[in-house]
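Chemist: To be precise about what I am sending: the file is called query_2.cif and holds mmCIF, C-alpha atoms and all ligand atoms.
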data_final
loop_
_atom_site.label_atom_id
_atom_site.label_comp_id
_atom_site.auth_asym_id
_atom_site.auth_seq_id
_atom_site.Cartn_x
_atom_site.Cartn_y
_atom_site.Cartn_z
CA MET A 30 -0.11 31.30 -16.59
CA SER A 31 1.88 33.51 -14.26
CA GLY A 32 2.95 32.19 -10.90
CA LEU A 33 0.74 34.74 -9.16
CA ARG A 34 -2.36 33.81 -11.15
CA ALA A 35 -1.69 30.12 -10.61
CA ALA A 36 -1.40 30.79 -6.89
CA VAL A 37 -4.77 32.61 -6.90
CA VAL A 38 -6.45 29.71 -8.75
CA CYS A 39 -4.76 27.24 -6.41
CA ALA A 40 -6.10 29.14 -3.41
CA MET A 41 -9.61 28.42 -4.75
CA GLY A 42 -9.13 24.73 -4.08
CA VAL A 43 -6.75 21.88 -4.67
CA TRP A 44 -8.94 20.31 -7.35
CA MET A 45 -8.80 23.48 -9.44
CA CYS A 46 -5.11 23.78 -8.63
CA GLY A 47 -4.49 20.38 -10.24
CA ALA A 48 -6.58 21.33 -13.24
CA ALA A 49 -4.92 24.74 -13.56
CA VAL A 50 -1.48 23.24 -13.99
CA GLY A 51 -2.67 21.06 -16.83
CA GLN A 52 -3.17 17.78 -14.96
CA GLN A 53 -5.97 15.34 -15.56
CA ALA A 54 -8.73 16.57 -13.23
CA ALA A 55 -10.42 13.22 -12.70
CA ARG A 56 -7.56 11.35 -11.05
CA ARG A 57 -8.83 8.85 -8.50
CA VAL A 58 -7.00 6.63 -6.05
CA ALA A 59 -7.88 3.97 -3.49
CA ILE A 60 -5.47 3.89 -0.57
CA THR A 61 -4.51 0.52 0.90
CA PHE A 62 -2.28 -0.47 3.84
CA ASP A 63 -0.45 -3.78 4.18
CA ASP A 64 0.92 -5.73 7.13
CA LEU A 65 -1.64 -4.87 9.84
CA PRO A 66 -1.29 -4.47 12.74
CA GLY A 67 2.22 -3.26 11.82
CA THR A 68 5.03 -4.00 9.36
CA ASN A 69 7.46 -3.88 12.29
CA SER A 70 5.08 -5.40 14.84
CA ALA A 71 7.46 -8.30 15.59
CA THR A 72 9.81 -5.88 17.36
CA MET A 73 7.17 -3.51 18.81
CA ASN A 74 5.25 -3.80 22.07
CA ALA A 75 1.46 -3.87 22.09
CA ALA A 76 1.10 -0.33 23.50
CA ASP A 77 3.15 1.08 20.61
CA ILE A 78 1.18 -0.96 18.10
CA VAL A 79 -2.09 0.43 19.49
CA ALA A 80 -0.66 3.98 19.47
CA MET A 81 0.57 3.66 15.88
CA ASN A 82 -2.72 2.29 14.58
CA THR A 83 -4.69 4.87 16.57
CA GLU A 84 -2.70 7.63 14.87
CA LEU A 85 -3.01 6.12 11.38
CA VAL A 86 -6.75 5.48 11.67
CA GLY A 87 -7.13 9.00 13.14
CA ASP A 88 -5.34 10.50 10.10
CA LEU A 89 -7.65 8.61 7.74
CA SER A 90 -10.77 9.61 9.67
CA ALA A 91 -9.68 13.26 9.79
CA ALA A 92 -9.04 13.26 6.03
CA LYS A 93 -12.46 11.62 5.45
CA ILE A 94 -11.08 9.15 2.94
CA PRO A 95 -11.85 5.45 2.53
CA ALA A 96 -9.13 2.87 3.18
CA ILE A 97 -8.55 -0.86 3.56
CA GLY A 98 -5.92 -2.59 5.66
CA PHE A 99 -4.52 -6.04 4.85
CA VAL A 100 -3.83 -8.26 7.84
CA ASN A 101 -1.17 -10.82 8.74
CA GLU A 102 -2.79 -12.54 11.71
CA GLN A 103 0.49 -14.11 12.80
CA ARG A 104 1.43 -10.61 13.98
CA LEU A 105 -1.36 -10.87 16.60
CA TYR A 106 0.10 -13.87 18.39
CA HIS A 107 2.55 -12.54 20.93
CA PHE A 108 2.29 -14.04 24.40
CA GLY A 109 0.38 -11.79 26.79
CA GLU A 110 -0.42 -9.26 24.07
CA VAL A 111 -3.01 -10.97 21.91
CA ASP A 112 -6.04 -8.99 23.16
CA GLU A 113 -4.25 -5.67 22.81
CA ARG A 114 -3.00 -6.49 19.32
CA ILE A 115 -6.51 -7.57 18.27
CA HIS A 116 -7.74 -4.27 19.68
CA ALA A 117 -5.22 -2.41 17.46
CA LEU A 118 -6.67 -4.26 14.48
CA ASP A 119 -10.26 -3.62 15.53
CA LEU A 120 -9.61 0.15 15.46
CA TRP A 121 -9.88 -0.08 11.65
CA PRO A 122 -13.37 -1.55 11.17
CA ALA A 123 -14.57 0.30 14.30
CA ALA A 124 -13.75 3.56 12.48
CA GLY A 125 -15.51 2.35 9.32
CA PHE A 126 -12.47 1.08 7.39
CA ASP A 127 -12.26 -2.25 5.62
CA LEU A 128 -9.93 -5.19 6.30
CA GLY A 129 -8.57 -7.79 3.91
CA ASN A 130 -6.40 -10.92 4.14
CA HIS A 131 -2.64 -10.64 3.49
CA SER A 132 -2.01 -14.31 4.50
CA PHE A 133 -1.27 -15.55 8.03
CA SER A 134 2.53 -15.37 7.96
CA HIS A 135 3.21 -12.98 5.04
CA ALA A 136 4.12 -15.97 2.91
CA SER A 137 5.45 -15.51 -0.62
CA LEU A 138 3.75 -17.72 -3.21
CA ASN A 139 7.03 -17.61 -5.15
CA HIS A 140 8.84 -19.36 -2.32
CA MET A 141 6.30 -21.77 -0.80
CA PRO A 142 4.51 -24.80 -2.30
CA LEU A 143 0.98 -23.87 -3.39
CA ALA A 144 -0.80 -26.29 -1.00
CA GLU A 145 1.11 -24.91 1.99
CA TRP A 146 0.50 -21.34 0.86
CA GLU A 147 -3.24 -22.00 0.54
CA LEU A 148 -3.33 -23.20 4.16
CA ASP A 149 -1.52 -20.01 5.18
CA VAL A 150 -4.21 -17.95 3.42
CA GLU A 151 -6.99 -19.89 5.19
CA ARG A 152 -5.25 -19.55 8.53
CA GLY A 153 -5.00 -15.81 7.97
CA GLU A 154 -8.72 -15.12 8.01
CA THR A 155 -9.97 -16.24 11.44
CA VAL A 156 -9.73 -13.07 13.55
CA THR A 157 -10.21 -10.71 10.61
CA ARG A 158 -13.46 -12.41 9.66
CA MET A 159 -14.65 -12.25 13.28
CA LEU A 160 -13.91 -8.52 13.58
CA LEU A 161 -15.48 -7.68 10.23
CA ASP A 162 -18.54 -9.72 11.21
CA GLU A 163 -18.92 -7.68 14.42
CA HIS A 164 -18.96 -4.53 12.30
CA HIS A 165 -21.35 -6.00 9.72
CA LYS A 166 -18.73 -6.23 7.02
CA THR A 167 -17.54 -9.17 4.93
CA LEU A 168 -14.04 -10.36 4.15
CA LYS A 169 -13.65 -10.14 0.40
CA TYR A 170 -10.15 -8.94 -0.54
CA PHE A 171 -6.80 -10.67 -0.64
CA ARG A 172 -3.43 -8.98 -1.21
CA TYR A 173 -0.41 -11.09 -2.22
CA PRO A 174 2.52 -10.70 0.22
CA TYR A 175 5.46 -9.06 -1.63
CA LEU A 176 3.04 -8.86 -4.61
CA ASP A 177 4.39 -12.34 -5.45
CA MET A 178 1.78 -14.02 -7.64
CA GLY A 179 3.53 -17.36 -8.13
CA PRO A 180 6.67 -18.87 -9.66
CA ASP A 181 4.99 -19.99 -12.90
CA LEU A 182 1.79 -19.38 -14.83
CA MET A 183 0.13 -22.63 -13.77
CA THR A 184 0.65 -21.85 -10.07
CA MET A 185 -0.58 -18.29 -10.66
CA ARG A 186 -3.80 -19.54 -12.21
CA LYS A 187 -4.34 -22.25 -9.58
CA ALA A 188 -3.87 -19.69 -6.78
CA GLU A 189 -6.32 -17.32 -8.47
CA GLU A 190 -8.84 -20.15 -8.72
CA PHE A 191 -8.34 -21.04 -5.05
CA LEU A 192 -8.81 -17.41 -3.98
CA ALA A 193 -11.96 -17.04 -6.10
CA GLN A 194 -13.38 -20.25 -4.62
CA ARG A 195 -12.87 -18.88 -1.11
CA GLY A 196 -14.76 -15.77 -2.12
CA TYR A 197 -11.78 -13.45 -2.50
CA ARG A 198 -11.16 -10.74 -5.00
CA ILE A 199 -7.46 -10.02 -5.51
CA ALA A 200 -6.46 -6.50 -4.47
CA PRO A 201 -4.01 -5.24 -7.10
CA VAL A 202 -1.57 -2.34 -6.76
CA THR A 203 -0.85 0.33 -9.36
CA LEU A 204 1.03 2.93 -7.31
CA ASP A 205 3.95 1.77 -5.15
CA ALA A 206 6.58 4.15 -3.80
CA TRP A 207 8.29 1.66 -1.46
CA ASP A 208 7.21 3.46 1.73
CA TRP A 209 8.12 0.34 3.78
CA TYR A 210 11.76 0.82 2.80
CA PHE A 211 11.88 4.46 3.92
CA ALA A 212 9.89 3.44 7.01
CA GLN A 213 12.79 1.29 8.25
CA VAL A 214 15.23 4.21 8.16
CA TYR A 215 12.58 6.52 9.63
CA GLY A 216 11.75 4.06 12.43
CA ASP A 217 15.41 3.78 13.35
CA ALA A 218 15.83 7.59 13.45
CA ARG A 219 12.64 7.84 15.52
CA SER A 220 13.84 5.27 18.06
CA ARG A 221 17.05 7.31 18.51
CA LYS A 222 15.07 10.60 18.63
CA ASP A 223 17.11 11.90 15.67
CA THR A 224 14.47 14.36 14.45
CA ALA A 225 16.76 15.92 11.83
CA LEU A 226 17.19 12.53 10.16
CA GLU A 227 13.45 11.81 10.48
CA GLN A 228 12.71 15.01 8.56
CA ARG A 229 15.27 14.19 5.87
CA VAL A 230 13.75 10.74 5.40
CA VAL A 231 10.22 12.17 5.15
CA ALA A 232 11.34 14.72 2.54
CA SER A 233 13.14 12.04 0.52
CA TRP A 234 10.12 9.69 0.75
CA LEU A 235 7.71 12.39 -0.43
CA ASP A 236 10.02 13.33 -3.33
CA HIS A 237 10.34 9.69 -4.31
CA SER A 238 6.57 9.21 -4.02
CA ALA A 239 5.97 12.16 -6.38
CA ALA A 240 8.51 10.75 -8.86
CA MET A 241 6.96 7.27 -8.69
CA PHE A 242 3.40 8.61 -9.09
CA ASP A 243 4.59 10.58 -12.11
CA TYR A 244 6.22 7.44 -13.52
CA TYR A 245 3.10 5.27 -13.09
CA GLU A 246 0.75 7.98 -14.34
CA LYS A 247 2.87 8.28 -17.51
CA LYS A 248 3.05 4.51 -17.90
CA SER A 249 -0.76 4.27 -17.51
CA ARG A 250 -1.32 6.90 -20.18
CA ALA A 251 1.13 5.15 -22.53
CA LEU A 252 -0.69 1.83 -22.10
CA PHE A 253 -4.34 2.88 -21.85
CA GLY A 254 -4.42 6.40 -23.27
CA HIS A 255 -5.70 7.56 -19.88
CA GLU A 256 -5.03 7.02 -16.19
CA PRO A 257 -7.25 4.31 -14.68
CA ALA A 258 -8.46 4.62 -11.10
CA GLU A 259 -5.27 3.85 -9.16
CA VAL A 260 -4.66 1.63 -6.13
CA LEU A 261 -1.89 2.90 -3.83
CA LEU A 262 0.12 0.49 -1.71
CA ALA A 263 1.16 1.84 1.70
CA HIS A 264 2.24 0.08 4.89
CA ASP A 265 1.18 0.15 8.52
CA THR A 266 4.28 1.91 9.91
CA TRP A 267 5.24 4.93 12.03
CA LEU A 268 6.25 6.76 8.85
CA GLU A 269 2.69 6.55 7.49
CA ALA A 270 1.07 7.07 10.92
CA GLU A 271 3.03 10.27 11.55
CA HIS A 272 3.16 11.64 8.01
CA LEU A 273 0.08 10.41 6.15
CA PRO A 274 -1.37 13.96 5.99
CA GLU A 275 1.64 15.04 3.88
CA LEU A 276 1.16 12.09 1.51
CA ILE A 277 -2.56 12.88 1.21
CA ALA A 278 -1.71 16.54 0.51
CA LEU A 279 0.74 15.43 -2.19
CA LEU A 280 -1.94 13.29 -3.85
CA ARG A 281 -4.56 16.03 -3.61
CA LYS A 282 -2.11 18.47 -5.19
CA ARG A 283 -1.74 16.06 -8.10
CA GLY A 284 -5.51 16.23 -8.58
CA TYR A 285 -6.48 12.96 -6.89
CA THR A 286 -9.75 12.31 -5.12
CA PHE A 287 -9.99 9.31 -2.80
CA ILE A 288 -12.25 6.36 -3.53
CA SER A 289 -12.80 2.90 -2.07
CA LEU A 290 -11.10 -0.20 -3.46
CA ASP A 291 -14.54 -1.40 -4.65
CA GLU A 292 -14.93 1.75 -6.75
CA ALA A 293 -11.37 1.64 -8.10
CA LEU A 294 -11.76 -1.93 -9.29
CA GLU A 295 -14.83 -1.01 -11.33
CA ASP A 296 -12.32 0.47 -13.79
CA GLN A 297 -12.09 -1.85 -16.78
CA ALA A 298 -8.28 -1.63 -16.73
CA TYR A 299 -8.43 -4.24 -13.96
CA GLY A 300 -9.86 -6.77 -16.39
CA SER A 301 -6.65 -6.57 -18.46
CA THR A 302 -4.94 -9.84 -19.37
CA ASP A 303 -1.90 -10.69 -17.27
CA THR A 304 0.21 -13.76 -18.02
CA TYR A 305 3.52 -12.26 -16.90
CA VAL A 306 5.39 -14.35 -14.34
CA SER A 307 7.83 -12.23 -12.36
CA ASP A 308 10.26 -13.37 -9.69
CA VAL A 309 10.00 -9.95 -8.01
CA GLY A 310 6.76 -8.32 -6.88
CA LEU A 311 5.60 -5.65 -9.31
CA THR A 312 2.55 -3.44 -9.74
CA SER A 313 -0.24 -4.35 -12.15
CA ILE A 314 0.85 -1.49 -14.41
CA ASP A 315 4.31 -3.08 -14.67
CA HIS A 316 2.65 -6.42 -15.49
CA TRP A 317 0.34 -4.92 -18.13
CA ALA A 318 3.30 -3.08 -19.69
CA VAL A 319 5.22 -6.36 -20.11
CA GLU A 320 2.06 -8.07 -21.39
CA ARG A 321 1.77 -5.40 -24.07
CA GLY A 322 5.46 -5.65 -24.97
CA ARG A 323 6.23 -2.19 -23.54
CA PRO A 324 8.05 -2.70 -20.21
CA GLU A 325 9.75 0.69 -20.46
CA ALA A 326 6.72 2.65 -21.71
CA ALA A 327 7.55 5.42 -19.21
CA GLY A 328 11.34 5.11 -19.26
CA VAL A 329 13.39 3.94 -16.31
CA LYS A 330 11.87 3.68 -12.83
CA PRO A 331 13.05 6.42 -10.41
CA GLU A 332 15.69 5.34 -7.87
CA ILE A 333 15.53 5.85 -4.12
CA ASP A 334 18.07 8.45 -2.91
CA GLU A 335 21.45 6.80 -2.48
CA TRP A 336 21.93 7.99 1.11
CA VAL A 337 18.61 6.34 2.09
CA GLN A 338 19.75 3.11 0.44
CA GLU A 339 23.02 3.26 2.36
CA LYS A 340 21.23 3.77 5.67
CA TYR A 341 18.80 0.93 4.88
CA LYS A 342 21.65 -1.43 3.99
CA ALA A 343 23.53 -0.50 7.18
CA LEU A 344 20.42 -1.34 9.22
CA ALA A 345 19.85 -4.58 7.33
CA ALA A 346 23.43 -5.60 8.14
CA THR A 347 22.79 -5.32 11.90
CA LYS A 348 19.24 -6.64 12.27
CA THR A 349 16.51 -8.54 10.48
CA LEU A 350 14.22 -6.11 8.71
CA PRO A 351 10.70 -7.00 7.56
ZN ZN B 401 3.08 -7.10 3.13
#
Please rewrite the model in this file as structure tokens.

Modeler:
Amino acid sequence: MSGLRAAVVCAMGVWMCGAAVGQQAARRVAITFDDLPGTNSATMNAADIVAMNTELVGDLSAAKIPAIGFVNEQRLYHFGEVDERIHALDLWPAAGFDLGNHSFSHASLNHMPLAEWELDVERGETVTRMLLDEHHKTLKYFRYPYLDMGPDLMTMRKAEEFLAQRGYRIAPVTLDAWDWYFAQVYGDARSRKDTALEQRVVASWLDHSAAMFDYYEKKSRALFGHEPAEVLLAHDTWLEAEHLPELIALLRKRGYTFISLDEALEDQAYGSTDTYVSDVGLTSIDHWAVERGRPEAAGVKPEIDEWVQEKYKALAATKTLP
């Protein structure tokens, strides 16, 4: 197809555009945000947290797509700011979006005894449950902090049993482009009003996202023969709040439509066996690939641009990053 003809077809709609360039037309993705009310909320004031969440929820509402946010309630408890921080959280269910539990203190199951971790999960549901209740919703999803599912198979299974007993369904991830990492460099540029650097970070993040989506789509096809409904991991940060429309446009261009987490998890891929114990958090697709003896089914994972890594490391050397 000539470039001109492709452009004409693309002008007829993004769905057809995806189909016209030979992509799978029925791509579907559920978008999820971790670390509410903000990955960097420990170093933000309540007014900024409210502004950031207002912008993010506004982007989602404008795009008319479903979303769920996973909460760390410890982030609410800052002296003199609790009401305002709870208000930032309430913006989500008030606008029709779902909330899930991401543990109270963002505790890694790989680095905390199971009993202690279970208490942290329980402690993480008080305010979230109350807010959901006010909006006639129920708390039903849990997302592992750092995607850490436990240091050994027995702990993994015991934690799964505990979560099921408390009524939780585990929220997996299949698409992860490490937005939180770029968000640190972006947030620093933003605080110094370095708009040129902000734009460079956004461009690098979007390029990396496209490369990672490509990688996981390929890996899905290699494992399942098709692409299951995907679950995208994103984070509650200024990067997402100020540039979500570009990420949504990127996904639409790749032929994705947006569905709820409930719908995504109806895909039978999510019933796949997983006995892989990993000391670093990985997506479900990475787990299933190891399970099937094909960890490199889509080749090597794309790397983040070196200059972004250098800036991140320089920041990490001067302050504690999330
Ligand atoms: Zn998190």

Chemist: Looking at all atoms listed in the file, which of A:Leu261, A:Leu268, A:Met241, A:Val100 is the one that sits closest to ligand ZN 401 (chain B)?

Modeler: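 Residue with the minimum atom-to-atom distance to ligand ZN 401 (chain B): A:Val100.
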
Chemist: Pick the closest to ligand ZN 401 (chain B) from A:Phe133, A:Phe211, A:Trp336, A:Phe108: which is it, counting all atoms listed in the file?

Modeler: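 Answer, going by the shortest atom-to-atom distance: A:Phe133.
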
Chemist: Which of these residues is nearest to Asn82 (chain A), using only C-alpha atoms: A:Gly98, A:Gly300, A:Gly284, A:Pro351?

Modeler: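 Selected residue with least distance to Asn82 (chain A): A:Gly98.
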
Chemist: Any residue with an atom at most 7 Å from ligand ZN 401 (chain B) counts, using only C-alpha atoms and all ligand atoms. Which are they? Put them as JSON, numbers by chain.

Modeler: {"A": [63, 64, 131, 135, 174, 175]}

Chemist: Smallest atom-to-atom distance to Met178 (chain A): which of A:Glu332, A:Asp303, A:Glu271, A:Glu84, using only C-alpha atoms?

Modeler: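 Checking each of A:Glu332, A:Asp303, A:Glu271, A:Glu84 against Met178 (chain A), counting only C-alpha atoms, the winner is A:Asp303.
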
Chemist: Just want the 9 Å neighbourhood of Leu85 (chain A), counted on only C-alpha atoms, with same-chain residues fewer than 5 positions away dropped. Output as a list in words.

Modeler: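 Here the answer would be Ala80, Ser90, Asp265, Thr266, Trp267, Glu269, Ala270, Glu271, His272 and Leu273 of chain A.
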
Chemist: Those same residues, written as a PDB file, in the coordinates of the input with C-alpha atoms?

Modeler:
ATOM      1  CA  ALA A  80      -0.660   3.980  19.470  1.00  0.00           C
ATOM      2  CA  SER A  90     -10.770   9.610   9.670  1.00  0.00           C
ATOM      3  CA  ASP A 265       1.180   0.150   8.520  1.00  0.00           C
ATOM      4  CA  THR A 266       4.280   1.910   9.910  1.00  0.00           C
ATOM      5  CA  TRP A 267       5.240   4.930  12.030  1.00  0.00           C
ATOM      6  CA  GLU A 269       2.690   6.550   7.490  1.00  0.00           C
ATOM      7  CA  ALA A 270       1.070   7.070  10.920  1.00  0.00           C
ATOM      8  CA  GLU A 271       3.030  10.270  11.550  1.00  0.00           C
ATOM      9  CA  HIS A 272       3.160  11.640   8.010  1.00  0.00           C
ATOM     10  CA  LEU A 273       0.080  10.410   6.150  1.00  0.00           C
TER      11      LEU A 273
END

Chemist: What is the distance between CA of Thr203 (chain A) and CA of Asp243 (chain A), in Å to one decimal?

Modeler: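 These atoms are spaced 11.9 Å apart.
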
Chemist: Return region 95-128 of chain A, completed with N, CA and C atoms, as a PDB file, keeping the file's coordinate frame.

Modeler:
ATOM      1  N   PRO A  95     -11.718   6.885   2.275  1.00  0.00           N
ATOM      2  CA  PRO A  95     -11.850   5.450   2.530  1.00  0.00           C
ATOM      3  C   PRO A  95     -10.487   4.765   2.538  1.00  0.00           C
ATOM      4  N   ALA A  96     -10.397   3.616   3.190  1.00  0.00           N
ATOM      5  CA  ALA A  96      -9.130   2.870   3.180  1.00  0.00           C
ATOM      6  C   ALA A  96      -9.415   1.418   3.552  1.00  0.00           C
ATOM      7  N   ILE A  97      -8.482   0.560   3.165  1.00  0.00           N
ATOM      8  CA  ILE A  97      -8.550  -0.860   3.560  1.00  0.00           C
ATOM      9  C   ILE A  97      -7.173  -1.270   4.068  1.00  0.00           C
ATOM     10  N   GLY A  98      -7.169  -2.092   5.115  1.00  0.00           N
ATOM     11  CA  GLY A  98      -5.920  -2.590   5.660  1.00  0.00           C
ATOM     12  C   GLY A  98      -5.848  -4.103   5.493  1.00  0.00           C
ATOM     13  N   PHE A  99      -4.702  -4.608   5.070  1.00  0.00           N
ATOM     14  CA  PHE A  99      -4.520  -6.040   4.850  1.00  0.00           C
ATOM     15  C   PHE A  99      -3.726  -6.655   6.000  1.00  0.00           C
ATOM     16  N   VAL A 100      -4.288  -7.731   6.558  1.00  0.00           N
ATOM     17  CA  VAL A 100      -3.830  -8.260   7.840  1.00  0.00           C
ATOM     18  C   VAL A 100      -2.967  -9.510   7.696  1.00  0.00           C
ATOM     19  N   ASN A 101      -1.914  -9.577   8.519  1.00  0.00           N
ATOM     20  CA  ASN A 101      -1.170 -10.820   8.740  1.00  0.00           C
ATOM     21  C   ASN A 101      -1.471 -11.241  10.179  1.00  0.00           C
ATOM     22  N   GLU A 102      -2.352 -12.213  10.340  1.00  0.00           N
ATOM     23  CA  GLU A 102      -2.790 -12.540  11.710  1.00  0.00           C
ATOM     24  C   GLU A 102      -1.681 -13.100  12.585  1.00  0.00           C
ATOM     25  N   GLN A 103      -0.622 -13.634  11.974  1.00  0.00           N
ATOM     26  CA  GLN A 103       0.490 -14.110  12.800  1.00  0.00           C
ATOM     27  C   GLN A 103       1.021 -12.992  13.706  1.00  0.00           C
ATOM     28  N   ARG A 104       0.938 -11.754  13.225  1.00  0.00           N
ATOM     29  CA  ARG A 104       1.430 -10.610  13.980  1.00  0.00           C
ATOM     30  C   ARG A 104       0.624 -10.359  15.269  1.00  0.00           C
ATOM     31  N   LEU A 105      -0.531 -11.042  15.402  1.00  0.00           N
ATOM     32  CA  LEU A 105      -1.360 -10.870  16.600  1.00  0.00           C
ATOM     33  C   LEU A 105      -0.882 -11.753  17.739  1.00  0.00           C
ATOM     34  N   TYR A 106      -0.195 -12.856  17.392  1.00  0.00           N
ATOM     35  CA  TYR A 106       0.100 -13.870  18.390  1.00  0.00           C
ATOM     36  C   TYR A 106       1.432 -13.657  19.104  1.00  0.00           C
ATOM     37  N   HIS A 107       1.406 -12.738  20.043  1.00  0.00           N
ATOM     38  CA  HIS A 107       2.550 -12.540  20.930  1.00  0.00           C
ATOM     39  C   HIS A 107       2.047 -12.761  22.351  1.00  0.00           C
ATOM     40  N   PHE A 108       2.742 -13.618  23.086  1.00  0.00           N
ATOM     41  CA  PHE A 108       2.290 -14.040  24.400  1.00  0.00           C
ATOM     42  C   PHE A 108       1.969 -12.833  25.298  1.00  0.00           C
ATOM     43  N   GLY A 109       0.788 -12.849  25.860  1.00  0.00           N
ATOM     44  CA  GLY A 109       0.380 -11.790  26.790  1.00  0.00           C
ATOM     45  C   GLY A 109      -0.102 -10.516  26.109  1.00  0.00           C
ATOM     46  N   GLU A 110      -0.069 -10.495  24.778  1.00  0.00           N
ATOM     47  CA  GLU A 110      -0.420  -9.260  24.070  1.00  0.00           C
ATOM     48  C   GLU A 110      -1.544  -9.452  23.047  1.00  0.00           C
ATOM     49  N   VAL A 111      -2.084 -10.665  23.006  1.00  0.00           N
ATOM     50  CA  VAL A 111      -3.010 -10.970  21.910  1.00  0.00           C
ATOM     51  C   VAL A 111      -4.226 -10.033  21.912  1.00  0.00           C
ATOM     52  N   ASP A 112      -4.841  -9.849  23.096  1.00  0.00           N
ATOM     53  CA  ASP A 112      -6.040  -8.990  23.160  1.00  0.00           C
ATOM     54  C   ASP A 112      -5.736  -7.570  22.690  1.00  0.00           C
ATOM     55  N   GLU A 113      -4.587  -7.055  23.151  1.00  0.00           N
ATOM     56  CA  GLU A 113      -4.250  -5.670  22.810  1.00  0.00           C
ATOM     57  C   GLU A 113      -3.957  -5.519  21.306  1.00  0.00           C
ATOM     58  N   ARG A 114      -3.302  -6.533  20.761  1.00  0.00           N
ATOM     59  CA  ARG A 114      -3.000  -6.490  19.320  1.00  0.00           C
ATOM     60  C   ARG A 114      -4.287  -6.632  18.496  1.00  0.00           C
ATOM     61  N   ILE A 115      -5.214  -7.472  18.970  1.00  0.00           N
ATOM     62  CA  ILE A 115      -6.510  -7.570  18.270  1.00  0.00           C
ATOM     63  C   ILE A 115      -7.249  -6.228  18.372  1.00  0.00           C
ATOM     64  N   HIS A 116      -7.115  -5.585  19.517  1.00  0.00           N
ATOM     65  CA  HIS A 116      -7.740  -4.270  19.680  1.00  0.00           C
ATOM     66  C   HIS A 116      -7.175  -3.261  18.663  1.00  0.00           C
ATOM     67  N   ALA A 117      -5.856  -3.314  18.442  1.00  0.00           N
ATOM     68  CA  ALA A 117      -5.220  -2.410  17.460  1.00  0.00           C
ATOM     69  C   ALA A 117      -5.808  -2.643  16.068  1.00  0.00           C
ATOM     70  N   LEU A 118      -6.094  -3.907  15.771  1.00  0.00           N
ATOM     71  CA  LEU A 118      -6.670  -4.260  14.480  1.00  0.00           C
ATOM     72  C   LEU A 118      -8.129  -3.805  14.386  1.00  0.00           C
ATOM     73  N   ASP A 119      -8.833  -3.963  15.503  1.00  0.00           N
ATOM     74  CA  ASP A 119     -10.260  -3.620  15.530  1.00  0.00           C
ATOM     75  C   ASP A 119     -10.494  -2.110  15.364  1.00  0.00           C
ATOM     76  N   LEU A 120      -9.456  -1.302  15.630  1.00  0.00           N
ATOM     77  CA  LEU A 120      -9.610   0.150  15.460  1.00  0.00           C
ATOM     78  C   LEU A 120     -10.045   0.472  14.029  1.00  0.00           C
ATOM     79  N   TRP A 121      -9.582  -0.343  13.073  1.00  0.00           N
ATOM     80  CA  TRP A 121      -9.880  -0.080  11.650  1.00  0.00           C
ATOM     81  C   TRP A 121     -11.358  -0.239  11.324  1.00  0.00           C
ATOM     82  N   PRO A 122     -11.942  -1.442  11.485  1.00  0.00           N
ATOM     83  CA  PRO A 122     -13.370  -1.550  11.170  1.00  0.00           C
ATOM     84  C   PRO A 122     -14.246  -0.715  12.112  1.00  0.00           C
ATOM     85  N   ALA A 123     -13.785  -0.516  13.361  1.00  0.00           N
ATOM     86  CA  ALA A 123     -14.570   0.300  14.300  1.00  0.00           C
ATOM     87  C   ALA A 123     -14.708   1.736  13.790  1.00  0.00           C
ATOM     88  N   ALA A 124     -13.698   2.197  13.024  1.00  0.00           N
ATOM     89  CA  ALA A 124     -13.750   3.560  12.480  1.00  0.00           C
ATOM     90  C   ALA A 124     -14.338   3.559  11.062  1.00  0.00           C
ATOM     91  N   GLY A 125     -14.839   2.410  10.622  1.00  0.00           N
ATOM     92  CA  GLY A 125     -15.510   2.350   9.320  1.00  0.00           C
ATOM     93  C   GLY A 125     -14.628   1.899   8.169  1.00  0.00           C
ATOM     94  N   PHE A 126     -13.378   1.509   8.464  1.00  0.00           N
ATOM     95  CA  PHE A 126     -12.470   1.080   7.390  1.00  0.00           C
ATOM     96  C   PHE A 126     -12.570  -0.428   7.175  1.00  0.00           C
ATOM     97  N   ASP A 127     -12.140  -0.841   6.000  1.00  0.00           N
ATOM     98  CA  ASP A 127     -12.260  -2.250   5.620  1.00  0.00           C
ATOM     99  C   ASP A 127     -10.981  -3.012   5.988  1.00  0.00           C
ATOM    100  N   LEU A 128     -11.107  -4.334   6.086  1.00  0.00           N
ATOM    101  CA  LEU A 128      -9.930  -5.190   6.300  1.00  0.00           C
ATOM    102  C   LEU A 128      -9.920  -6.275   5.230  1.00  0.00           C
TER     103      LEU A 128
END
